[in-house]
Every structure is written in C-alpha cells, then in structure tokens.
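K.L.:
Following this line is structure.txt, made up of compact mmCIF, C-alpha atoms:
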# COMPACT_ATOMS: atom_id res chain seq x y z
CA MET A 8 0.00 0.00 0.00
CA SER A 9 1.36 3.44 -0.95
CA ILE A 10 1.09 6.36 1.45
CA ARG A 11 2.34 9.94 1.59
CA TRP A 12 6.02 10.36 2.41
CA ARG A 13 5.30 12.23 5.64
CA ASP A 14 3.33 9.30 7.03
CA ALA A 15 5.89 6.79 5.80
CA MET A 16 8.78 8.67 7.45
CA GLU A 17 6.87 9.03 10.72
CA ARG A 18 6.31 5.29 10.90
CA ALA A 19 9.79 4.32 9.69
CA LEU A 20 11.69 6.64 12.02
CA TYR A 21 9.49 6.95 15.10
CA GLY A 22 7.10 3.99 15.11
CA PRO A 23 7.42 1.23 17.74
CA ASP A 24 10.21 -0.43 15.73
CA GLY A 25 11.38 2.76 14.07
CA PHE A 26 14.96 3.55 13.20
CA PHE A 27 15.45 6.11 15.97
CA VAL A 28 13.41 4.31 18.62
CA SER A 29 14.97 0.85 18.46
CA GLY A 30 18.49 -0.34 17.75
CA ALA A 31 21.90 0.92 18.77
CA GLY A 32 21.39 4.60 17.96
CA PRO A 33 22.34 7.06 15.22
CA ALA A 34 26.08 7.00 15.97
CA HIS A 35 26.27 3.46 14.60
CA HIS A 36 24.95 4.57 11.21
CA PHE A 37 26.30 8.02 10.40
CA ARG A 38 28.77 10.60 11.62
CA THR A 39 27.64 13.99 12.93
CA SER A 40 29.52 16.91 14.46
CA VAL A 41 28.69 15.56 17.91
CA HIS A 42 30.47 12.29 17.13
CA ALA A 43 33.31 13.76 15.07
CA SER A 44 35.27 15.65 17.70
CA PRO A 45 35.17 16.91 21.30
CA ALA A 46 35.97 20.31 19.76
CA PHE A 47 32.27 20.61 18.89
CA ALA A 48 31.18 20.25 22.51
CA ALA A 49 33.99 22.56 23.58
CA ALA A 50 32.71 25.26 21.25
CA LEU A 51 29.15 24.75 22.46
CA SER A 52 30.35 25.04 26.05
CA ARG A 53 31.54 28.56 25.23
CA LEU A 54 28.10 29.26 23.77
CA VAL A 55 26.53 27.99 27.00
CA ALA A 56 28.67 30.52 28.87
CA GLN A 57 27.50 33.29 26.51
CA VAL A 58 23.87 32.38 27.13
CA ASP A 59 24.48 32.30 30.88
CA ALA A 60 26.00 35.78 30.79
CA ALA A 61 23.15 37.13 28.62
CA LEU A 62 20.68 35.81 31.19
CA ASP A 63 22.65 37.37 34.06
CA HIS A 64 23.70 34.01 35.52
CA PRO A 65 20.38 32.47 36.64
CA PRO A 66 20.36 29.98 39.56
CA VAL A 67 19.55 27.17 37.11
CA LEU A 68 20.58 27.19 33.44
CA ASP A 69 18.68 24.75 31.23
CA VAL A 70 20.51 22.96 28.43
CA VAL A 71 17.96 20.97 26.43
CA ASP A 72 19.07 18.68 23.60
CA VAL A 73 16.21 17.90 21.17
CA GLY A 74 16.74 14.67 19.25
CA ALA A 75 19.46 13.66 21.68
CA GLY A 76 20.36 10.31 20.13
CA ARG A 77 21.86 8.40 23.03
CA GLY A 78 22.85 11.50 25.00
CA GLU A 79 26.36 11.88 23.56
CA LEU A 80 26.27 15.67 23.26
CA LEU A 81 25.05 16.33 26.79
CA VAL A 82 27.65 13.97 28.24
CA ALA A 83 30.38 15.79 26.31
CA LEU A 84 29.01 19.20 27.30
CA LEU A 85 29.00 18.32 30.99
CA ARG A 86 32.71 17.54 30.65
CA ALA A 87 33.44 20.73 28.73
CA VAL A 88 31.51 23.35 30.74
CA GLU A 89 33.75 24.80 33.42
CA ALA A 90 33.01 25.33 37.09
CA PRO A 91 31.22 27.07 38.70
CA LEU A 92 28.82 27.30 35.75
CA ALA A 93 28.76 23.51 35.44
CA ASP A 94 27.09 23.24 38.85
CA ARG A 95 24.15 25.37 37.66
CA VAL A 96 23.55 23.57 34.36
CA ARG A 97 20.40 21.42 34.22
CA PRO A 98 20.81 19.02 31.24
CA THR A 99 17.74 17.48 29.60
CA ALA A 100 17.67 15.02 26.69
CA VAL A 101 14.54 14.92 24.52
CA GLU A 102 14.32 11.61 22.69
CA LEU A 103 11.73 8.91 21.95
CA ALA A 104 14.16 6.02 22.42
CA PRO A 105 14.48 4.41 25.86
CA ARG A 106 16.95 6.00 28.26
CA PRO A 107 20.45 4.49 27.81
CA GLY A 108 21.70 2.61 30.84
CA HIS A 109 25.09 4.34 30.85
CA LEU A 110 23.71 7.88 31.00
CA PRO A 111 24.66 9.91 34.11
CA ASP A 112 21.77 10.32 36.55
CA ARG A 113 22.15 14.07 36.32
CA ILE A 114 20.79 14.11 32.74
CA SER A 115 17.00 14.08 32.59
CA TRP A 116 15.51 11.92 29.81
CA VAL A 117 12.10 12.98 28.48
CA HIS A 118 9.98 12.33 25.38
CA GLU A 119 8.69 15.88 24.90
CA ILE A 120 10.31 19.30 25.00
CA PRO A 121 9.84 20.74 28.50
CA ASP A 122 8.09 24.07 29.06
CA ARG A 123 9.58 27.30 30.40
CA ILE A 124 13.19 26.75 29.36
CA THR A 125 15.65 29.34 30.64
CA GLY A 126 18.92 28.73 28.87
CA LEU A 127 19.89 26.92 25.68
CA LEU A 128 17.78 24.64 23.50
CA ILE A 129 19.92 22.70 21.00
CA ALA A 130 18.69 20.72 17.99
CA THR A 131 21.62 19.18 16.13
CA GLU A 132 20.48 17.31 13.01
CA TRP A 133 16.94 17.00 14.33
CA LEU A 134 14.96 18.98 11.77
CA ASP A 135 16.27 16.91 8.86
CA ASN A 136 14.44 13.94 10.38
CA VAL A 137 11.15 15.73 11.01
CA PRO A 138 8.86 13.91 8.52
CA LEU A 139 7.80 15.86 5.45
CA ASP A 140 5.75 15.40 2.32
CA ILE A 141 7.32 15.25 -1.13
CA ALA A 142 5.62 16.62 -4.21
CA ALA A 143 6.14 16.21 -7.95
CA HIS A 144 5.43 19.00 -10.41
CA THR A 145 3.20 17.67 -13.19
CA ASP A 146 1.38 19.24 -16.12
CA ASN A 147 -1.50 19.77 -13.67
CA GLY A 148 0.58 21.42 -10.95
CA TRP A 149 2.02 19.98 -7.74
CA HIS A 150 0.88 16.53 -6.58
CA TYR A 151 1.92 14.51 -3.54
CA LEU A 152 4.23 11.59 -4.14
CA LEU A 153 3.13 8.33 -2.54
CA VAL A 154 5.60 5.65 -1.52
CA ASP A 155 5.42 1.93 -0.89
CA ALA A 156 7.08 1.59 2.51
CA THR A 157 8.37 -1.89 1.69
CA THR A 158 9.96 -1.26 -1.70
CA GLY A 159 10.38 2.52 -1.86
CA GLU A 160 8.53 2.65 -5.18
CA GLU A 161 6.68 5.90 -5.78
CA THR A 162 3.45 6.89 -7.50
CA VAL A 163 1.85 10.28 -8.06
CA GLY A 164 -1.08 10.97 -5.74
CA ALA A 165 -3.61 13.75 -5.18
CA PRO A 166 -2.99 17.46 -5.69
CA ILE A 167 -1.35 19.17 -2.72
CA THR A 168 -3.47 21.15 -0.24
CA PRO A 169 -3.76 24.95 -0.42
CA ALA A 170 -1.57 25.29 2.69
CA ASP A 171 1.24 23.26 1.13
CA SER A 172 0.77 25.11 -2.15
CA ASP A 173 1.21 28.43 -0.34
CA TRP A 174 4.38 27.13 1.29
CA LEU A 175 5.85 26.06 -2.06
CA THR A 176 4.92 29.37 -3.66
CA THR A 177 6.77 31.23 -0.92
CA TRP A 178 9.73 28.96 -0.29
CA TRP A 179 10.28 26.53 -3.20
CA PRO A 180 10.16 28.15 -6.66
CA THR A 181 8.46 26.19 -9.43
CA PRO A 182 11.15 24.24 -11.33
CA THR A 183 12.17 25.04 -14.86
CA PRO A 184 11.73 22.31 -17.52
CA THR A 185 15.49 21.82 -17.90
CA PRO A 186 17.12 21.54 -14.47
CA THR A 187 20.83 22.04 -13.92
CA PRO A 188 22.53 18.96 -12.45
CA THR A 189 23.72 19.32 -8.86
CA PRO A 190 27.52 18.79 -8.50
CA THR A 191 28.55 15.69 -6.56
CA PRO A 192 30.23 16.72 -3.29
CA THR A 193 33.53 15.37 -2.06
CA PRO A 194 32.91 11.88 -0.60
CA HIS A 195 32.27 11.75 3.15
CA SER A 196 31.10 8.17 3.48
CA LEU A 197 30.31 8.35 7.20
CA ILE A 198 28.87 11.87 7.31
CA LYS A 199 25.13 12.11 7.28
CA GLY A 200 23.95 14.33 4.46
CA PHE A 201 26.84 13.80 2.06
CA ALA A 202 26.73 11.17 -0.67
CA SER A 203 29.25 8.40 -1.22
CA PRO A 204 29.50 8.19 -5.02
CA GLY A 205 31.53 5.01 -4.86
CA ASP A 206 28.88 3.05 -3.00
CA PRO A 207 27.03 0.73 -5.39
CA GLU A 208 23.95 1.00 -3.20
CA SER A 209 23.92 4.77 -3.70
CA ASP A 210 23.04 4.27 -7.36
CA ALA A 211 20.21 1.83 -6.68
CA ASN A 212 17.62 4.42 -5.73
CA PRO A 213 14.15 3.06 -6.49
CA LEU A 214 12.48 6.48 -6.54
CA ILE A 215 10.63 7.41 -9.71
CA ASN A 216 12.22 9.81 -12.15
CA THR A 217 10.40 13.14 -12.07
CA ALA A 218 13.02 14.88 -14.24
CA GLY A 219 14.23 16.88 -11.26
CA ARG A 220 10.81 18.39 -10.68
CA ARG A 221 10.46 17.38 -7.04
CA ALA A 222 10.00 19.48 -3.94
CA GLU A 223 10.25 18.69 -0.23
CA ILE A 224 7.47 20.52 1.61
CA GLY A 225 9.00 21.91 4.79
CA ARG A 226 5.86 23.34 6.37
CA GLY A 227 5.82 20.66 9.09
CA ARG A 228 9.43 21.44 9.96
CA ASP A 229 8.59 25.13 10.28
CA GLU A 230 5.83 24.18 12.70
CA ALA A 231 8.13 21.85 14.67
CA TRP A 232 10.80 24.54 15.06
CA ALA A 233 8.26 27.23 15.95
CA ASP A 234 6.88 24.90 18.64
CA ALA A 235 10.40 24.25 20.00
CA VAL A 236 11.18 27.97 20.14
CA GLY A 237 7.89 28.52 21.91
CA HIS A 238 9.11 26.37 24.82
CA VAL A 239 11.95 28.82 25.53
CA ASP A 240 11.05 31.57 28.00
CA ARG A 241 14.43 33.27 27.82
CA GLY A 242 17.66 32.25 26.18
CA LEU A 243 18.68 30.83 22.84
CA ALA A 244 17.28 28.19 20.51
CA LEU A 245 19.98 26.73 18.25
CA ALA A 246 19.36 24.49 15.24
CA VAL A 247 22.36 22.89 13.53
CA ASP A 248 21.59 21.07 10.30
CA TYR A 249 22.51 20.67 6.67
CA GLY A 250 20.17 22.59 4.46
CA HIS A 251 19.60 25.14 1.71
CA LEU A 252 18.14 28.57 0.98
CA ARG A 253 15.40 29.60 -1.43
CA ASP A 254 17.77 30.57 -4.24
CA GLY A 255 19.58 27.25 -4.04
CA ARG A 256 17.03 24.52 -3.46
CA PRO A 257 18.38 21.11 -4.54
CA VAL A 258 17.32 20.08 -8.02
CA GLY A 259 15.32 16.87 -7.67
CA GLY A 260 15.26 17.18 -3.88
CA SER A 261 17.66 15.78 -1.30
CA LEU A 262 15.94 12.67 0.09
CA ALA A 263 18.52 10.10 1.21
CA GLY A 264 18.97 7.02 3.36
CA TYR A 265 21.83 6.01 5.68
CA ARG A 266 22.66 2.73 7.34
CA GLY A 267 25.86 1.35 8.81
CA GLY A 268 27.98 4.29 7.64
CA ARG A 269 26.81 4.07 4.04
CA GLN A 270 24.33 5.90 1.91
CA VAL A 271 21.52 3.58 0.85
CA PRO A 272 18.21 4.01 -1.00
CA PRO A 273 15.73 5.90 1.23
CA VAL A 274 13.24 3.06 1.62
CA PRO A 275 10.98 3.91 4.61
CA ASP A 276 10.82 0.40 6.07
CA GLY A 277 12.48 1.22 9.40
CA SER A 278 15.84 -0.32 8.49
CA CYS A 279 17.63 2.96 7.69
CA ASP A 280 17.64 6.65 8.39
CA VAL A 281 15.46 8.61 5.96
CA THR A 282 16.41 12.26 5.78
CA ALA A 283 16.14 15.38 3.65
CA HIS A 284 17.94 18.71 3.83
CA VAL A 285 16.25 21.56 5.67
CA ALA A 286 14.85 24.75 4.14
CA MET A 287 16.73 26.83 6.70
CA ASP A 288 15.38 30.23 5.70
CA SER A 289 11.78 29.02 6.02
CA VAL A 290 12.49 27.47 9.42
CA ALA A 291 14.23 30.64 10.55
CA SER A 292 11.28 32.76 9.51
CA ALA A 293 8.90 30.53 11.48
CA GLY A 294 11.06 30.80 14.60
CA GLU A 295 11.32 34.57 14.24
CA ARG A 296 7.54 34.91 14.23
CA VAL A 297 7.36 33.12 17.57
CA ALA A 298 10.37 34.73 19.26
CA ARG A 299 9.77 38.18 17.76
CA CYS A 300 13.50 38.67 17.73
CA ALA A 301 16.10 38.76 14.96
CA TYR A 302 17.94 35.53 14.19
CA SER A 303 21.40 34.67 12.90
CA LEU A 304 21.93 32.10 10.14
CA VAL A 305 25.53 31.24 9.28
CA PRO A 306 27.51 28.19 8.09
CA GLN A 307 28.97 26.01 10.82
CA ARG A 308 32.53 26.92 9.91
CA GLU A 309 31.79 30.59 10.68
CA ALA A 310 29.90 29.80 13.88
CA LEU A 311 32.67 27.57 15.25
CA ARG A 312 35.40 30.05 14.39
CA ALA A 313 33.43 32.75 16.22
CA LEU A 314 33.47 30.44 19.25
CA GLY A 315 37.23 29.98 19.09
CA ALA A 316 37.51 26.79 17.01
CA ASP A 317 39.51 27.95 14.00
CA GLY A 318 41.35 24.74 13.02
CA GLY A 319 44.63 26.57 12.47
CA ARG A 320 47.80 24.50 12.34
CA PRO A 321 50.20 24.94 15.28
CA PRO A 322 53.45 26.77 14.51
CA LEU A 323 56.32 24.55 13.39
CA SER A 324 58.49 26.13 16.06
CA LEU A 325 56.41 24.24 18.64
CA ALA A 326 57.66 20.94 17.19
CA GLY A 327 61.20 21.82 18.22
CA ARG A 328 60.29 23.01 21.71
CA ASP A 329 57.61 20.44 22.55
CA PRO A 330 57.26 17.57 20.03
CA ALA A 331 54.49 15.82 21.98
CA GLY A 332 52.59 19.09 22.40
CA TYR A 333 52.93 19.77 18.68
CA VAL A 334 51.43 16.38 17.84
CA ARG A 335 48.51 17.00 20.20
CA ALA A 336 47.91 20.46 18.76
CA LEU A 337 48.09 19.10 15.22
CA ALA A 338 45.53 16.39 16.03
CA ALA A 339 43.23 19.00 17.58
CA ALA A 340 43.55 21.20 14.49
CA SER A 341 42.73 18.24 12.27
CA ALA A 342 39.57 17.50 14.27
CA VAL A 343 38.44 21.10 14.00
CA GLY A 344 39.29 21.01 10.32
CA GLU A 345 36.72 18.25 9.81
CA LEU A 346 34.09 20.30 11.64
CA THR A 347 34.78 23.37 9.49
CA ASP A 348 35.29 21.71 6.09
CA PRO A 349 32.86 23.60 3.79
CA VAL A 350 32.06 20.48 1.75
CA GLY A 351 31.55 18.41 4.88
CA LEU A 352 30.32 19.19 8.36
CA GLY A 353 31.40 22.82 8.03
CA GLY A 354 28.66 23.25 5.43
CA HIS A 355 25.96 22.75 8.05
CA TRP A 356 23.91 25.79 8.99
CA TRP A 357 23.65 27.30 12.46
CA LEU A 358 20.33 28.99 13.15
CA ARG A 359 20.60 31.02 16.37
CA GLN A 360 17.22 32.26 17.58
CA PRO A 361 17.38 34.46 20.71
CA VAL A 362 14.28 34.61 22.90
CA GLY A 363 13.73 37.38 25.43
CA VAL A 364 17.36 38.57 25.39
CA ALA A 365 19.29 41.21 23.48
CA PRO A 366 20.20 39.66 20.08
CA GLY A 367 23.65 41.26 20.04
CA SER A 368 24.73 39.31 23.11
CA LEU A 369 24.14 35.96 21.41
CA MET A 370 24.88 36.46 17.72
CA ALA A 371 27.94 34.87 16.14
CA ARG A 372 30.81 37.34 16.32
Write out the structure in this file as structure tokens.
P.N.:
Amino acid sequence: MSIRWRDAMERALYGPDGFFVSGAGPAHHFRTSVHASPAFAAALSRLVAQVDAALDHPPVLDVVDVGAGRGELLVALLRAVEAPLADRVRPTAVELAPRPGHLPDRISWVHEIPDRITGLLIATEWLDNVPLDIAAHTDNGWHYLLVDATTGEETVGAPITPADSDWLTTWWPTPTPTPTPTPTPTPHSLIKGFASPGDPESDANPLINTAGRRAEIGRGRDEAWADAVGHVDRGLALAVDYGHLRDGRPVGGSLAGYRGGRQVPPVPDGSCDVTAHVAMDSVASAGERVARCAYSLVPQREALRALGADGGRPPLSLAGRDPAGYVRALAAASAVGELTDPVGLGGHWWLRQPVGVAPGSLMAR
C-alpha cells in the first residue's frame, strides 16, 4: 500500500520499531559533528557561557538537547563546561528512544520538549528527520508523491493542499523544464547528508524519475521549530543542520537514506535513516515569528570560528620546543578542520534564535 512520504517517514523513524526508537542509535549509522570531535562540545560550552551571561547568571541554566540520540552531546558538554557554571547547568535530553543505561543520573531523559526553558535549546540534526511530504510538479501542478514503505517505489497521488501550495509558492520556486545537475560533493562516506558516489547502493535508488521536478514541503518542519522555540522563556534556541536557501534549493530534492555508515536508498521500512535537507530560511522565519526577535543564520565553519575553534595549524616552532605538544595540537587542528570543512560538516547551517534577550549578546561574532 502506498502512502504519503510524511506518514511513511513518521512510521519508519518513530514507530514502535522505528529507526530512531529501536536499535543501537544514530552514531552506529552516520557521523555527525557531535560524534566527530570533542571540539564541537567545547565550542558549544563557550556558547553555553554566553547564554548564561546574557541571562545574568540564573540559579539554574537549562541545556535541552532535542533529538538527543543516546545522550552523547550532553555527556560531552558536561565535561566541557567549566566550574562554577557547570554546577548550575540542568541538562535534559529529549528523545523517543528508551533511556540508555550508561547515561549519568544528572541528565533528565524525556519524550517531549519541557516548558519554560531558561537557557539553551539545542537541535543538532533533528529537523532533517522531522517527517515531510514530497511533491512532484506535473502538467496539472504539484501533486503529492506516494511511496510503498516496503519497496520505496513511488506513485503520483492527489494534488497538494492549499496550505502546502502556499508554502511552495513562498519557499520553493516552481522548477524550470530543464534543471541544472547538482555537483557531486567530495565523498564523506560516514557523514550524514553527504553522498558516497563510490557506494554501489547509492546508485540503486528506487524512486521514480520526475526529471528533477520534485520538492520537499517543509511546512511541518517550520511548525516543529516554531513549537520548540515557543518552549523557551528566555535564552537561545539553536538548530544545527545541513540545508539550503530559497535561491539554491536542490534540483530533484535531497531525500537520502543512511545505514551502517553508508548511503543507501531511502526506503521507509524502518531499516535505515530517511532524511532530507532543511529549508533553513523558512524554518528561521517561522522561529522569528514566535520569538519576535532577529535571528542569525551562518555556516557552521563561521559559527565555530566565532566560538574559538579555528582549526589553524600549530606553529612549526612548537615541534622543536615540545614535540608531543605539537602532535597534540596538530591532532586537535585536524579535528576542528573536519568540523569546518565547507564540503563536509562545516557546510551545516547554524540557526541562532534568541528569545527574550538582546540579540547582540548571542549572535555569532
């Protein structure tokens, strides 16, 4: 039976046996900034300190991780945040999967975003997994694509609703008859969101050929982000994800699957991650309407450098004075280099949405 992609993704990712609910966790299937290097958590710890200062050092500072995986980021952050601030941090993981047994007792584990957050809400590679509908542009306008959850085969369904049509009109321009091919990025076989051209499975995509005239309707993601921002009383909501802007939407869409460190066909049967890039400008606009405060949207490489992670090589003179220290510094620079690589993790977007605080105190500098 064929159903709309949004329903298929919801069942495949978050159903009782869904990809993110059961199994060993996302880290076993793809590589994110959280897993790549402790430099990511170190940079975020400096952002936590910025938020704390902007809030005038409240007695309790919330740090809420939405789509927390198995809690890796919060564990790393608790190590990176310095005293005495560390004693005031209240870490909360929001995740549908059962609580991991190894997680420190200090980290709360909940299934829904808590209310009245004062501090930092983080969503790293969460929005790309918020289910969405996919449409094909036909001679009769936009129609939903239906998918067989077992095989991944697609068929064209009913015309899209007026609400989804309005979203596409605003955020996803109608495609031209002759699309320009999207360049293949440098291979990053373990990085979620970047193709592995050498993988034979990558070329076995069962999706129907719509001549590049596909669109991924991000209205549900806008609503999810607006809801998340609405849970923050004062502080900062931060979304980190790979995505695109209106003038550069991906030709043919960006739907992809990942399993075991490899890109695979995005068949929504629960055996793999099913993901699509995020329309970051649309999401940002939705968050701004809720927070009523200006946002900042920059590539990850810029955001991390503003937080002190520049990836610069240590001076060669250090090798002569302290060979072991030089090797450590070189390894650290290499790790940051992966996080700031513009064709890899550094190409992710950082959406910083202040709530109830002066924007200048929290914008990337």
K.L.:
Show me, as a ChimeraX atom specification, the residues that have an atom within 9 Å of A:Gly225 when counting all atoms listed in the file, minus same-chain residues fewer than 4 positions from it.
P.N.:
/A:138-140,171,174-175,178,229-230,285-286,289-290
K.L.:
Since we have the selection now, will you write its residues out, keeping C-alpha atoms, as a compact mmCIF listing (two decimals), keeping the file's coordinate frame?
P.N.:
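Contents of the output file result.txt:
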# COMPACT_ATOMS: atom_id res chain seq x y z
CA PRO A 138 8.86 13.91 8.52
CA LEU A 139 7.80 15.86 5.45
CA ASP A 140 5.75 15.40 2.32
CA ASP A 171 1.24 23.26 1.13
CA TRP A 174 4.38 27.13 1.29
CA LEU A 175 5.85 26.06 -2.06
CA TRP A 178 9.73 28.96 -0.29
CA ASP A 229 8.59 25.13 10.28
CA GLU A 230 5.83 24.18 12.70
CA VAL A 285 16.25 21.56 5.67
CA ALA A 286 14.85 24.75 4.14
CA SER A 289 11.78 29.02 6.02
CA VAL A 290 12.49 27.47 9.42
K.L.:
If you measure from atom CA of A:Leu103 to atom CA of A:Arg226, what distance in Å do you get, rounded to one decimal?
P.N.:
22.0 Å
K.L.:
Which is closer to A:Tyr265 than all the others in A:Leu80, A:Thr181, A:Ala310, A:Phe26, using all atoms listed in the file?
P.N.:
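Using all atoms listed in the file, the shortest distance to A:Tyr265 belongs to A:Phe26.
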K.L.:
Using Å and a single decimal, report how far atom CA of A:Ser278 sits from atom CA of A:Leu20.
P.N.:
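Spanning atom CA of A:Leu20 to atom CA of A:Ser278 is a straight-line distance of 8.8 Å.
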K.L.:
Give the answer as one residue: which of A:Ala233, A:Leu127, A:Ile10, A:Leu311 has the shortest atom-to-atom distance to A:Leu68, using all atoms listed in the file?
P.N.:
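Using all atoms listed in the file, A:Leu68 sits closest to A:Leu127.
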K.L.:
Within 9 Å of (13.4, 32.5, 15.0) (file coordinates; all atoms listed in the file), which protein or nucleic acid residues are there? I'd like them as number ranges by chain.
P.N.:
A: 232-233, 236, 244, 290-303, 358-362
